[in-house]
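Visitor: Dumping the structure here so I can ask a few things about it.
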Amino acid sequence: MRGISWQGLAVAFGALGLLTSLQTSDDDNPHARAPRGVSLVVTEGAYLRAPGADWFAERAKAEPGRFTHDATLAGGIGGWVDAKGEYWFVEMEEGEWVYNQWASPERLTAGRRDFVQFCSSCHGLEGDGYGRSAQHLRPTPRSFQQNKFKFTKVIADLPSDEALLAVIRRGLAGTPMLPWDLSDVQLLDIIQYIKSLSPEESGWRDVYSQVGDAIEVTEDPWVDIKERAIVRGREVYHGAASCHLCHPGYVTNEELRVIRKDPEGTTYRENLTYPALKDSEYEVLGRATKVMPPDFTWHQLRAGITTADLFQTIASGIKGTAMPQWKGALPDEDLWALAHYVEDLIVSYKDQRPERSAFMGGLRTSGDNR
Amino acid sequence: MSMLKTLLPSFALLRSRWLGCPLALMLTSTWALAQDKRWGPGEPASDYGDRFYDLFWLITILVSVAFALVVVLLVIPVLRDRARPGHRASFDHGKSLHDKRLTAIISIVTFIVLDAWVLVIAMKDLREAYWAIPDAKDPQTYRVEVLAQQWAWNFRATGVDGEFGTADDILTINELVVPLNRPVSFNMTSKDVIHALFLPEMRLKRDVNPGAINEAWFKPIKEGDFTILCAELCGFAHYQMYGKLVVLEQGQFNEWEAEASRLASTAFDADDTEAHWAWDWQE
Ligand SMILES: [Cu+2]
């Protein structure tokens, strides 16, 4: 083995390693490995629908320094600028002005990278909601080509960045959608990327779409009189709101008749104390799936179980499913009462096996509810 | 040069302290963590759990004794034959018959006392407990199909009709409810990468591989809530892949099963064939 310089060999290997490490191309980031043939680079930027002018003015007031108004933008029309994206006026056919957000190719590429690494196993490499781990999974992971969201608690067509951020950070309990503790920068990049998956002329690429924040949590009128809220909530649940058409009724037929002031002998849906499976607009492989409204004493809720969470969920409804929006249909006072009632059902019976079977069993044996 | 010489002993001291500090830290922190219930595996809650415990402690004690013995045997000559005036060092390579015999005896005794002992017990445990998969036809056996994925556990039980692939199959995510004192038998596979089903209190851990159906079983002997973990690094959110195992006494379990089964039938969509993933039970 004479003649070989071992030190020389070591240096050569070191140099080789260094060279190969320098040679990683953009598409070859070891932290965002995609299956062969899948590009991680987004070459085109996108104009994405943003909330309206009022929203910016309000934000600028609430969080000084976050947005600044720039009168020179959009050819002198003016627009708002934030640290990441730019917003400005774009003309619409009808002569109305709408705000758009510019997502640059670099930003979308960053978003796509993180999306592929963290989200694609479920949501699919192209965001169609059918990744490798999404097989046979119900509820199906969201397809970002559908531009529909269930739990963002917004009334507008589409959620704002904040509303999406909140959902992703919180996760959806009881599903494999985890609470994601990535940085804000990463998540906001991912969100821009998700939004850019809207097909042409729809979702965030449709100038007519309304974008908004999660519904405001108004003041709870029942804070000191919870007991009365629960009684009222039970009345509204089975009365004016008819939640028992989809969710279980938590009363006997007779009690329901009294609450609804129906004539004697009225019959109600079969299996009143069980939920009823409902259609939804959420598709997997082009086929719409069904969802079951939860039984609050049994199932895990997705979007939080504090009174405020429940108020928001009930008020905004769940888009794309049978669960309607109740804001406007019922006064806020009743929405809060419903939230207290649902919360009470959860606290008293969920995971309290003996209590639950006594309660539900009682309803079922005392009438023709079975 | 002379400067270096005077410094050398303090270097050695520093070195030993560098070694001693982390060692002491390791020992105290291990001890401290072991005091906290959340960090230890907890008391065994399955009928074969004690075997695991016994073997664990046997190995720990044997290894500790062996370690202590080796340290003592090393320290004696170090002290006895240390450099001192009037002593000359001598070297040999242990090639004499006496040395060879001594080495052989030590090796054989070590093997018999440590390895063979542990091996015999381990094989016995495997045969009598871990590999003794209960008979699936026995109605006492509670069967569960496990479908692992990034990053969740999907469980399927037969429901009251005792058959897989029917409308009343109980499907749960990250939560498994099983009856007390009945053998629970798993058929497990994965959609994507390798995971491992780990029920620490039950002393059960088994890999879950895509493309294969692996079996495992346990018999819970304690009621309550226990832990389900993934014990195979399976991607970014591996650390969030955990769930809850609930062991219910038979009466409560029957009630739970009837209700869960009924709710499952309500949620069943016969036309949504992509959602149906049950397989024929493998033995
Ligand atoms: Cu895993």
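Ordered as shown in the structure tokens, chains take letters A, B, and onward, while each chain numbers its residues from 1 and ligands are numbered from 1 in the order shown.
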Can I get the residues close to ligand 1 as a PyMOL selection string, where close means within 10 Å and we count only C-alpha atoms and all ligand atoms?
Guide: chain B and resi 148-153+190+192-198+207-208+229-242
Visitor: Can you list, as a list in words, every protein, DNA or RNA residue that comes within 8 Å of stretch 165-171 of chain A when you count only C-alpha atoms, leaving out same-chain residues fewer than 4 positions away?
Guide: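 Once the nearby chain positions are removed, what remains is Phe151, Thr152, Asp161, Met177, Leu178, Pro179, Trp180, Asp181, Leu187, Leu188, Ile191, Arg302 and Ala303 of chain A.
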Visitor: Put those residues in a file: N, CA and C atoms, as a PDB file, in the first residue's frame.
Guide:
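Here's the written file selection_10.pdb:
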ATOM      1  N   PHE A 151     -64.508  24.916   8.705  1.00  0.00           N
ATOM      2  CA  PHE A 151     -64.410  25.335  10.106  1.00  0.00           C
ATOM      3  C   PHE A 151     -63.701  26.665  10.305  1.00  0.00           C
ATOM      4  N   THR A 152     -63.652  27.486   9.242  1.00  0.00           N
ATOM      5  CA  THR A 152     -62.954  28.754   9.373  1.00  0.00           C
ATOM      6  C   THR A 152     -63.826  29.803  10.059  1.00  0.00           C
ATOM      7  N   ASP A 161     -56.660  35.212   5.334  1.00  0.00           N
ATOM      8  CA  ASP A 161     -55.441  34.503   5.731  1.00  0.00           C
ATOM      9  C   ASP A 161     -55.476  34.163   7.213  1.00  0.00           C
ATOM     10  N   MET A 177     -56.121  15.693  10.738  1.00  0.00           N
ATOM     11  CA  MET A 177     -55.641  17.065  10.516  1.00  0.00           C
ATOM     12  C   MET A 177     -55.111  17.594  11.839  1.00  0.00           C
ATOM     13  N   LEU A 178     -53.782  17.691  11.922  1.00  0.00           N
ATOM     14  CA  LEU A 178     -53.126  17.983  13.199  1.00  0.00           C
ATOM     15  C   LEU A 178     -53.038  19.481  13.439  1.00  0.00           C
ATOM     16  N   PRO A 179     -52.820  19.866  14.681  1.00  0.00           N
ATOM     17  CA  PRO A 179     -52.470  21.260  14.933  1.00  0.00           C
ATOM     18  C   PRO A 179     -51.034  21.491  14.463  1.00  0.00           C
ATOM     19  N   TRP A 180     -50.872  22.360  13.482  1.00  0.00           N
ATOM     20  CA  TRP A 180     -49.543  22.517  12.887  1.00  0.00           C
ATOM     21  C   TRP A 180     -48.783  23.638  13.562  1.00  0.00           C
ATOM     22  N   ASP A 181     -47.662  23.297  14.210  1.00  0.00           N
ATOM     23  CA  ASP A 181     -46.903  24.347  14.865  1.00  0.00           C
ATOM     24  C   ASP A 181     -45.687  24.752  14.037  1.00  0.00           C
ATOM     25  N   LEU A 187     -46.424  29.093   7.437  1.00  0.00           N
ATOM     26  CA  LEU A 187     -47.847  28.826   7.242  1.00  0.00           C
ATOM     27  C   LEU A 187     -48.476  29.825   6.275  1.00  0.00           C
ATOM     28  N   LEU A 188     -48.074  31.104   6.379  1.00  0.00           N
ATOM     29  CA  LEU A 188     -48.667  32.087   5.471  1.00  0.00           C
ATOM     30  C   LEU A 188     -48.224  31.836   4.031  1.00  0.00           C
ATOM     31  N   ILE A 191     -50.328  29.049   2.891  1.00  0.00           N
ATOM     32  CA  ILE A 191     -51.692  29.537   2.634  1.00  0.00           C
ATOM     33  C   ILE A 191     -51.783  30.222   1.272  1.00  0.00           C
ATOM     34  N   ARG A 302     -64.849  19.311  15.964  1.00  0.00           N
ATOM     35  CA  ARG A 302     -63.619  19.675  15.252  1.00  0.00           C
ATOM     36  C   ARG A 302     -63.102  21.049  15.642  1.00  0.00           C
ATOM     37  N   ALA A 303     -63.996  22.001  15.785  1.00  0.00           N
ATOM     38  CA  ALA A 303     -63.568  23.404  15.797  1.00  0.00           C
ATOM     39  C   ALA A 303     -63.643  24.040  17.173  1.00  0.00           C
TER      40      ALA A 303
END
Visitor: Could you check the closest approach to A:Ala315 for each of A:Lys290, A:Arg49, A:Arg260, A:Lys153 and tell me which residue wins, using only C-alpha atoms?
Guide: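 Under the stated criterion, the closest residue is A:Lys153.
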Visitor: Can you tell me, as number ranges by chain, what residues are no more than 10 Å from stretch 125-131 of chain A when counting only C-alpha atoms, ignoring any on the same chain fewer than 6 positions away?
Guide: A: 34-35, 38-40, 112, 115-117, 119, 137, 140-146, 193-194, 197-198, 282-286; B: 192
Visitor: Going by DSSP on the backbone, which bits of stretch 14-187 of chain B are alpha helix (DSSP H)? Write them as a PyMOL selection string, please.
Guide: chain B and resi 14-35+49-80+97-110+117-125
Visitor: Could you build a table of the residues in chain A lying no more than 7 Å from chain B, giving for each the nearest pair of atoms and their separation in Å rounded to one decimal place, using only C-alpha atoms, ordered by chain and ascending residue number, as CSV?
Guide:
residue,atom,partner,partner_atom,distance
A:Phe118,CA,B:Phe236,CA,6.9
A:Ser121,CA,B:Gln150,CA,7.0
A:Arg132,CA,B:Asp192,CA,6.4
A:Ser133,CA,B:Gln149,CA,5.6
A:His136,CA,B:Ala275,CA,4.1
A:Leu137,CA,B:Ala275,CA,6.3
A:Arg138,CA,B:Ala275,CA,6.8
A:Gly174,CA,B:Ile173,CA,6.7
A:Thr175,CA,B:Ile173,CA,6.8
A:Pro176,CA,B:Ala152,CA,5.6
A:Ala276,CA,B:Thr266,CA,6.8
A:Leu277,CA,B:Ala267,CA,5.8
A:Met292,CA,B:Ala267,CA,5.8
Visitor: What would the file look like if the residues just selected were written as a PDB file, in the first residue's frame with N, CA, C and O atoms?
Guide:
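Below you can see again.pdb, which holds the result:
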ATOM      1  N   PHE A 118     -45.090  18.923   4.355  1.00  0.00           N
ATOM      2  CA  PHE A 118     -45.916  18.742   5.549  1.00  0.00           C
ATOM      3  C   PHE A 118     -47.347  18.293   5.251  1.00  0.00           C
ATOM      4  O   PHE A 118     -47.948  17.607   6.053  1.00  0.00           O
ATOM      5  N   SER A 121     -48.980  14.480   2.089  1.00  0.00           N
ATOM      6  CA  SER A 121     -49.299  13.067   2.307  1.00  0.00           C
ATOM      7  C   SER A 121     -50.812  12.895   2.398  1.00  0.00           C
ATOM      8  O   SER A 121     -51.343  11.885   1.963  1.00  0.00           O
ATOM      9  N   ARG A 132     -51.339  10.053  -0.657  1.00  0.00           N
ATOM     10  CA  ARG A 132     -51.153   8.632  -0.361  1.00  0.00           C
ATOM     11  C   ARG A 132     -51.868   8.221   0.936  1.00  0.00           C
ATOM     12  O   ARG A 132     -52.465   7.161   1.013  1.00  0.00           O
ATOM     13  N   SER A 133     -51.803   9.062   1.945  1.00  0.00           N
ATOM     14  CA  SER A 133     -52.373   8.702   3.242  1.00  0.00           C
ATOM     15  C   SER A 133     -53.851   9.064   3.335  1.00  0.00           C
ATOM     16  O   SER A 133     -54.466   8.886   4.373  1.00  0.00           O
ATOM     17  N   HIS A 136     -59.155   5.982   1.665  1.00  0.00           N
ATOM     18  CA  HIS A 136     -60.222   5.461   2.547  1.00  0.00           C
ATOM     19  C   HIS A 136     -60.518   6.364   3.739  1.00  0.00           C
ATOM     20  O   HIS A 136     -61.219   5.944   4.646  1.00  0.00           O
ATOM     21  N   LEU A 137     -59.962   7.549   3.767  1.00  0.00           N
ATOM     22  CA  LEU A 137     -60.108   8.391   4.955  1.00  0.00           C
ATOM     23  C   LEU A 137     -61.383   9.244   4.882  1.00  0.00           C
ATOM     24  O   LEU A 137     -61.616   9.919   3.899  1.00  0.00           O
ATOM     25  N   ARG A 138     -62.206   9.186   5.944  1.00  0.00           N
ATOM     26  CA  ARG A 138     -63.393  10.047   6.048  1.00  0.00           C
ATOM     27  C   ARG A 138     -63.358  10.708   7.411  1.00  0.00           C
ATOM     28  O   ARG A 138     -63.167  10.006   8.402  1.00  0.00           O
ATOM     29  N   GLY A 174     -60.139  14.983  16.336  1.00  0.00           N
ATOM     30  CA  GLY A 174     -60.880  13.804  15.898  1.00  0.00           C
ATOM     31  C   GLY A 174     -60.645  13.431  14.448  1.00  0.00           C
ATOM     32  O   GLY A 174     -61.188  12.456  13.968  1.00  0.00           O
ATOM     33  N   THR A 175     -59.835  14.213  13.730  1.00  0.00           N
ATOM     34  CA  THR A 175     -59.420  13.834  12.379  1.00  0.00           C
ATOM     35  C   THR A 175     -57.890  13.836  12.361  1.00  0.00           C
ATOM     36  O   THR A 175     -57.266  14.360  13.292  1.00  0.00           O
ATOM     37  N   PRO A 176     -57.290  13.290  11.320  1.00  0.00           N
ATOM     38  CA  PRO A 176     -55.822  13.331  11.263  1.00  0.00           C
ATOM     39  C   PRO A 176     -55.272  14.715  10.932  1.00  0.00           C
ATOM     40  O   PRO A 176     -54.062  14.871  10.828  1.00  0.00           O
ATOM     41  N   ALA A 276     -78.650  12.105  11.770  1.00  0.00           N
ATOM     42  CA  ALA A 276     -79.051  11.621  10.445  1.00  0.00           C
ATOM     43  C   ALA A 276     -77.962  11.968   9.435  1.00  0.00           C
ATOM     44  O   ALA A 276     -77.546  13.130   9.348  1.00  0.00           O
ATOM     45  N   LEU A 277     -77.502  10.971   8.686  1.00  0.00           N
ATOM     46  CA  LEU A 277     -76.428  11.184   7.702  1.00  0.00           C
ATOM     47  C   LEU A 277     -76.872  12.201   6.651  1.00  0.00           C
ATOM     48  O   LEU A 277     -77.994  12.148   6.164  1.00  0.00           O
ATOM     49  N   MET A 292     -71.699  12.985   8.800  1.00  0.00           N
ATOM     50  CA  MET A 292     -72.689  12.802   9.840  1.00  0.00           C
ATOM     51  C   MET A 292     -72.615  13.964  10.827  1.00  0.00           C
ATOM     52  O   MET A 292     -71.556  14.271  11.346  1.00  0.00           O
TER      53      MET A 292
END
Visitor: I need the residue nearest A:Glu219 from this list: A:Leu73, A:Val98, A:Ala308, A:Ala358. Use only C-alpha atoms for the distance.
Guide: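 Of A:Leu73, A:Val98, A:Ala308, A:Ala358, the one nearest A:Glu219, counting only C-alpha atoms, is A:Ala308.
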Visitor: Could you tell me how far atom CA of A:Ile259 lies from atom CA of A:Ile318, in Å and to one decimal?
Guide: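 Atom-to-atom, atom CA of A:Ile259 and atom CA of A:Ile318 are spaced 26.0 Å apart.
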Visitor: Using only C-alpha atoms, which residues sit within 10 Å of B:Asp161 once same-chain residues fewer than 6 positions away are excluded, as a list in words?
Guide: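 Neighbouring residues, sequence-local ones excluded: Ala167, Asp168, Asp169, Ala258 and Ser261 of chain B.
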Visitor: Export N, CA, C and O atoms of the chosen residues as an mmCIF file, in the first residue's frame?
Guide:
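Written file, part.cif:
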data_model
loop_
_atom_site.group_PDB
_atom_site.id
_atom_site.type_symbol
_atom_site.label_atom_id
_atom_site.label_comp_id
_atom_site.auth_asym_id
_atom_site.auth_seq_id
_atom_site.Cartn_x
_atom_site.Cartn_y
_atom_site.Cartn_z
ATOM 1 N N ALA B 167 -71.790 -2.755 7.649
ATOM 2 C CA ALA B 167 -72.170 -1.373 7.951
ATOM 3 C C ALA B 167 -71.913 -1.002 9.404
ATOM 4 O O ALA B 167 -71.617 0.148 9.713
ATOM 5 N N ASP B 168 -71.992 -1.975 10.306
ATOM 6 C CA ASP B 168 -71.894 -1.608 11.720
ATOM 7 C C ASP B 168 -70.469 -1.714 12.266
ATOM 8 O O ASP B 168 -70.272 -1.672 13.471
ATOM 9 N N ASP B 169 -69.479 -1.851 11.376
ATOM 10 C CA ASP B 169 -68.089 -1.834 11.837
ATOM 11 C C ASP B 169 -67.805 -0.530 12.569
ATOM 12 O O ASP B 169 -68.138 0.544 12.076
ATOM 13 N N ALA B 258 -72.550 -1.581 21.611
ATOM 14 C CA ALA B 258 -73.876 -1.511 20.994
ATOM 15 C C ALA B 258 -74.134 -0.109 20.451
ATOM 16 O O ALA B 258 -74.579 0.062 19.309
ATOM 17 N N SER B 261 -71.718 0.837 17.531
ATOM 18 C CA SER B 261 -72.094 0.055 16.370
ATOM 19 C C SER B 261 -73.321 0.670 15.694
ATOM 20 O O SER B 261 -73.395 0.800 14.471
#
Visitor: If you run DSSP on the backbone here, which positions in stretch 214-343 of chain A get strand (DSSP E)? Please write them as a VMD selection string.
Guide: chain A and resid 278 to 284 287 to 291
Visitor: Could you write those residues out with N, CA and C atoms, as a PDB file, in the first residue's frame?
Guide:
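Output below, filename part_14.pdb:
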ATOM      1  N   LYS A 278     -75.955  13.111   6.292  1.00  0.00           N
ATOM      2  CA  LYS A 278     -76.315  14.192   5.367  1.00  0.00           C
ATOM      3  C   LYS A 278     -75.352  14.262   4.194  1.00  0.00           C
ATOM      4  N   ASP A 279     -75.846  14.780   3.067  1.00  0.00           N
ATOM      5  CA  ASP A 279     -74.978  15.000   1.911  1.00  0.00           C
ATOM      6  C   ASP A 279     -74.033  16.168   2.184  1.00  0.00           C
ATOM      7  N   SER A 280     -72.893  16.167   1.500  1.00  0.00           N
ATOM      8  CA  SER A 280     -72.031  17.340   1.558  1.00  0.00           C
ATOM      9  C   SER A 280     -71.471  17.600   0.170  1.00  0.00           C
ATOM     10  N   GLU A 281     -70.820  18.748   0.011  1.00  0.00           N
ATOM     11  CA  GLU A 281     -70.255  19.076  -1.304  1.00  0.00           C
ATOM     12  C   GLU A 281     -68.796  18.669  -1.398  1.00  0.00           C
ATOM     13  N   TYR A 282     -68.263  18.087  -0.327  1.00  0.00           N
ATOM     14  CA  TYR A 282     -66.835  17.768  -0.337  1.00  0.00           C
ATOM     15  C   TYR A 282     -66.578  16.477  -1.092  1.00  0.00           C
ATOM     16  N   GLU A 283     -65.714  16.589  -2.113  1.00  0.00           N
ATOM     17  CA  GLU A 283     -65.530  15.473  -3.027  1.00  0.00           C
ATOM     18  C   GLU A 283     -64.214  14.768  -2.809  1.00  0.00           C
ATOM     19  N   VAL A 284     -64.221  13.464  -3.117  1.00  0.00           N
ATOM     20  CA  VAL A 284     -62.965  12.755  -3.237  1.00  0.00           C
ATOM     21  C   VAL A 284     -63.061  11.964  -4.531  1.00  0.00           C
ATOM     22  N   ARG A 287     -66.240  12.474  -6.413  1.00  0.00           N
ATOM     23  CA  ARG A 287     -67.511  11.996  -5.886  1.00  0.00           C
ATOM     24  C   ARG A 287     -67.774  12.659  -4.540  1.00  0.00           C
ATOM     25  N   ALA A 288     -68.967  13.223  -4.395  1.00  0.00           N
ATOM     26  CA  ALA A 288     -69.292  13.906  -3.139  1.00  0.00           C
ATOM     27  C   ALA A 288     -69.472  12.881  -2.022  1.00  0.00           C
ATOM     28  N   THR A 289     -68.985  13.220  -0.831  1.00  0.00           N
ATOM     29  CA  THR A 289     -69.105  12.295   0.300  1.00  0.00           C
ATOM     30  C   THR A 289     -70.204  12.789   1.241  1.00  0.00           C
ATOM     31  N   LYS A 290     -70.619  11.908   2.126  1.00  0.00           N
ATOM     32  CA  LYS A 290     -71.615  12.316   3.125  1.00  0.00           C
ATOM     33  C   LYS A 290     -70.914  12.579   4.450  1.00  0.00           C
ATOM     34  N   VAL A 291     -71.546  13.397   5.263  1.00  0.00           N
ATOM     35  CA  VAL A 291     -71.003  13.606   6.618  1.00  0.00           C
ATOM     36  C   VAL A 291     -72.111  13.423   7.638  1.00  0.00           C
TER      37      VAL A 291
END
Visitor: When you draw a straight line from atom CA of A:Lys319 to atom CA of A:Lys150, how long is it in Å?
Guide: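 Distance between the two atoms: 5.0 Å.
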Visitor: Within 12 Å of A:Ala103, counting only C-alpha atoms, which residues show up once you throw out same-chain ones fewer than 4 positions away? Write them as number ranges by chain, please.
Guide: A: 42-50, 84-87, 107-111, 188-197, 204-205
Visitor: Can you write just those residues out, N, CA, C and O atoms, as a short mmCIF file (atom, residue, chain, number, x, y, z; two decimals), in the first residue's frame?
Guide:
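Final file, again-v6.cif:
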data_model
loop_
_atom_site.label_atom_id
_atom_site.label_comp_id
_atom_site.auth_asym_id
_atom_site.auth_seq_id
_atom_site.Cartn_x
_atom_site.Cartn_y
_atom_site.Cartn_z
N VAL A 42 -42.62 26.88 -8.43
CA VAL A 42 -43.77 27.52 -9.06
C VAL A 42 -43.23 28.68 -9.87
O VAL A 42 -42.53 29.54 -9.34
N THR A 43 -43.51 28.70 -11.16
CA THR A 43 -42.89 29.71 -12.02
C THR A 43 -43.76 30.94 -12.19
O THR A 43 -43.26 32.01 -12.52
N GLU A 44 -45.06 30.80 -11.95
CA GLU A 44 -45.94 31.94 -12.16
C GLU A 44 -46.51 32.45 -10.85
O GLU A 44 -46.97 31.66 -10.03
N GLY A 45 -46.50 33.76 -10.68
CA GLY A 45 -47.14 34.36 -9.52
C GLY A 45 -48.65 34.40 -9.72
O GLY A 45 -49.16 33.95 -10.75
N ALA A 46 -49.36 34.89 -8.73
CA ALA A 46 -50.82 34.92 -8.87
C ALA A 46 -51.39 36.12 -8.14
O ALA A 46 -50.89 36.51 -7.09
N TYR A 47 -52.44 36.70 -8.73
CA TYR A 47 -53.23 37.70 -8.03
C TYR A 47 -54.33 36.97 -7.30
O TYR A 47 -55.12 36.27 -7.92
N LEU A 48 -54.37 37.11 -5.98
CA LEU A 48 -55.37 36.39 -5.20
C LEU A 48 -56.30 37.38 -4.53
O LEU A 48 -55.86 38.38 -3.97
N ARG A 49 -57.57 37.05 -4.61
CA ARG A 49 -58.60 37.91 -4.05
C ARG A 49 -58.33 38.17 -2.57
O ARG A 49 -58.06 37.25 -1.81
N ALA A 50 -58.41 39.47 -2.17
CA ALA A 50 -58.17 39.86 -0.78
C ALA A 50 -59.45 40.47 -0.21
O ALA A 50 -60.37 40.78 -0.97
N LYS A 84 -45.39 41.53 3.61
CA LYS A 84 -45.17 40.39 2.71
C LYS A 84 -45.71 40.63 1.31
O LYS A 84 -45.00 40.58 0.32
N GLY A 85 -47.01 40.88 1.25
CA GLY A 85 -47.62 41.00 -0.07
C GLY A 85 -48.03 42.42 -0.35
O GLY A 85 -48.07 43.26 0.55
N GLU A 86 -48.37 42.71 -1.57
CA GLU A 86 -48.87 44.03 -1.90
C GLU A 86 -50.34 43.91 -2.26
O GLU A 86 -50.78 42.91 -2.81
N TYR A 87 -51.06 44.92 -1.91
CA TYR A 87 -52.48 44.91 -2.26
C TYR A 87 -52.77 46.14 -3.08
O TYR A 87 -52.25 47.20 -2.81
N ARG A 107 -42.52 33.34 -3.51
CA ARG A 107 -43.32 33.06 -2.32
C ARG A 107 -44.13 31.76 -2.52
O ARG A 107 -44.23 30.94 -1.61
N LEU A 108 -44.69 31.60 -3.70
CA LEU A 108 -45.47 30.39 -3.97
C LEU A 108 -44.56 29.15 -3.96
O LEU A 108 -44.96 28.07 -3.53
N THR A 109 -43.33 29.33 -4.44
CA THR A 109 -42.39 28.21 -4.42
C THR A 109 -42.09 27.81 -2.97
O THR A 109 -42.09 26.62 -2.63
N ALA A 110 -41.86 28.82 -2.13
CA ALA A 110 -41.61 28.52 -0.72
C ALA A 110 -42.81 27.80 -0.12
O ALA A 110 -42.68 26.81 0.61
N GLY A 111 -44.00 28.28 -0.45
CA GLY A 111 -45.22 27.66 0.05
C GLY A 111 -45.38 26.25 -0.46
O GLY A 111 -45.74 25.34 0.30
N LEU A 188 -48.07 31.10 6.38
CA LEU A 188 -48.67 32.09 5.47
C LEU A 188 -48.22 31.84 4.03
O LEU A 188 -49.00 32.04 3.10
N ASP A 189 -46.99 31.36 3.85
CA ASP A 189 -46.56 30.99 2.50
C ASP A 189 -47.39 29.81 1.99
O ASP A 189 -47.84 29.79 0.84
N ILE A 190 -47.58 28.80 2.86
CA ILE A 190 -48.39 27.65 2.47
C ILE A 190 -49.80 28.12 2.10
O ILE A 190 -50.39 27.67 1.11
N ILE A 191 -50.33 29.05 2.89
CA ILE A 191 -51.69 29.54 2.63
C ILE A 191 -51.78 30.22 1.27
O ILE A 191 -52.73 29.99 0.51
N GLN A 192 -50.77 31.04 0.94
CA GLN A 192 -50.80 31.66 -0.40
C GLN A 192 -50.80 30.59 -1.47
O GLN A 192 -51.50 30.68 -2.47
N TYR A 193 -49.99 29.55 -1.24
CA TYR A 193 -49.92 28.48 -2.23
C TYR A 193 -51.27 27.78 -2.37
O TYR A 193 -51.77 27.53 -3.47
N ILE A 194 -51.89 27.47 -1.22
CA ILE A 194 -53.19 26.80 -1.23
C ILE A 194 -54.21 27.65 -2.01
O ILE A 194 -54.97 27.14 -2.82
N LYS A 195 -54.19 28.96 -1.76
CA LYS A 195 -55.14 29.83 -2.42
C LYS A 195 -54.90 29.85 -3.93
O LYS A 195 -55.84 29.92 -4.71
N SER A 196 -53.61 29.76 -4.31
CA SER A 196 -53.29 29.83 -5.73
C SER A 196 -53.75 28.58 -6.48
O SER A 196 -53.68 28.52 -7.70
N LEU A 197 -54.20 27.56 -5.74
CA LEU A 197 -54.68 26.34 -6.41
C LEU A 197 -56.12 26.49 -6.91
O LEU A 197 -56.64 25.59 -7.57
N TRP A 204 -60.27 32.10 -5.11
CA TRP A 204 -59.45 33.30 -4.97
C TRP A 204 -59.07 33.91 -6.29
O TRP A 204 -58.43 34.93 -6.34
N ARG A 205 -59.43 33.27 -7.37
CA ARG A 205 -59.17 33.85 -8.70
C ARG A 205 -60.44 34.42 -9.32
O ARG A 205 -60.48 34.74 -10.49
#
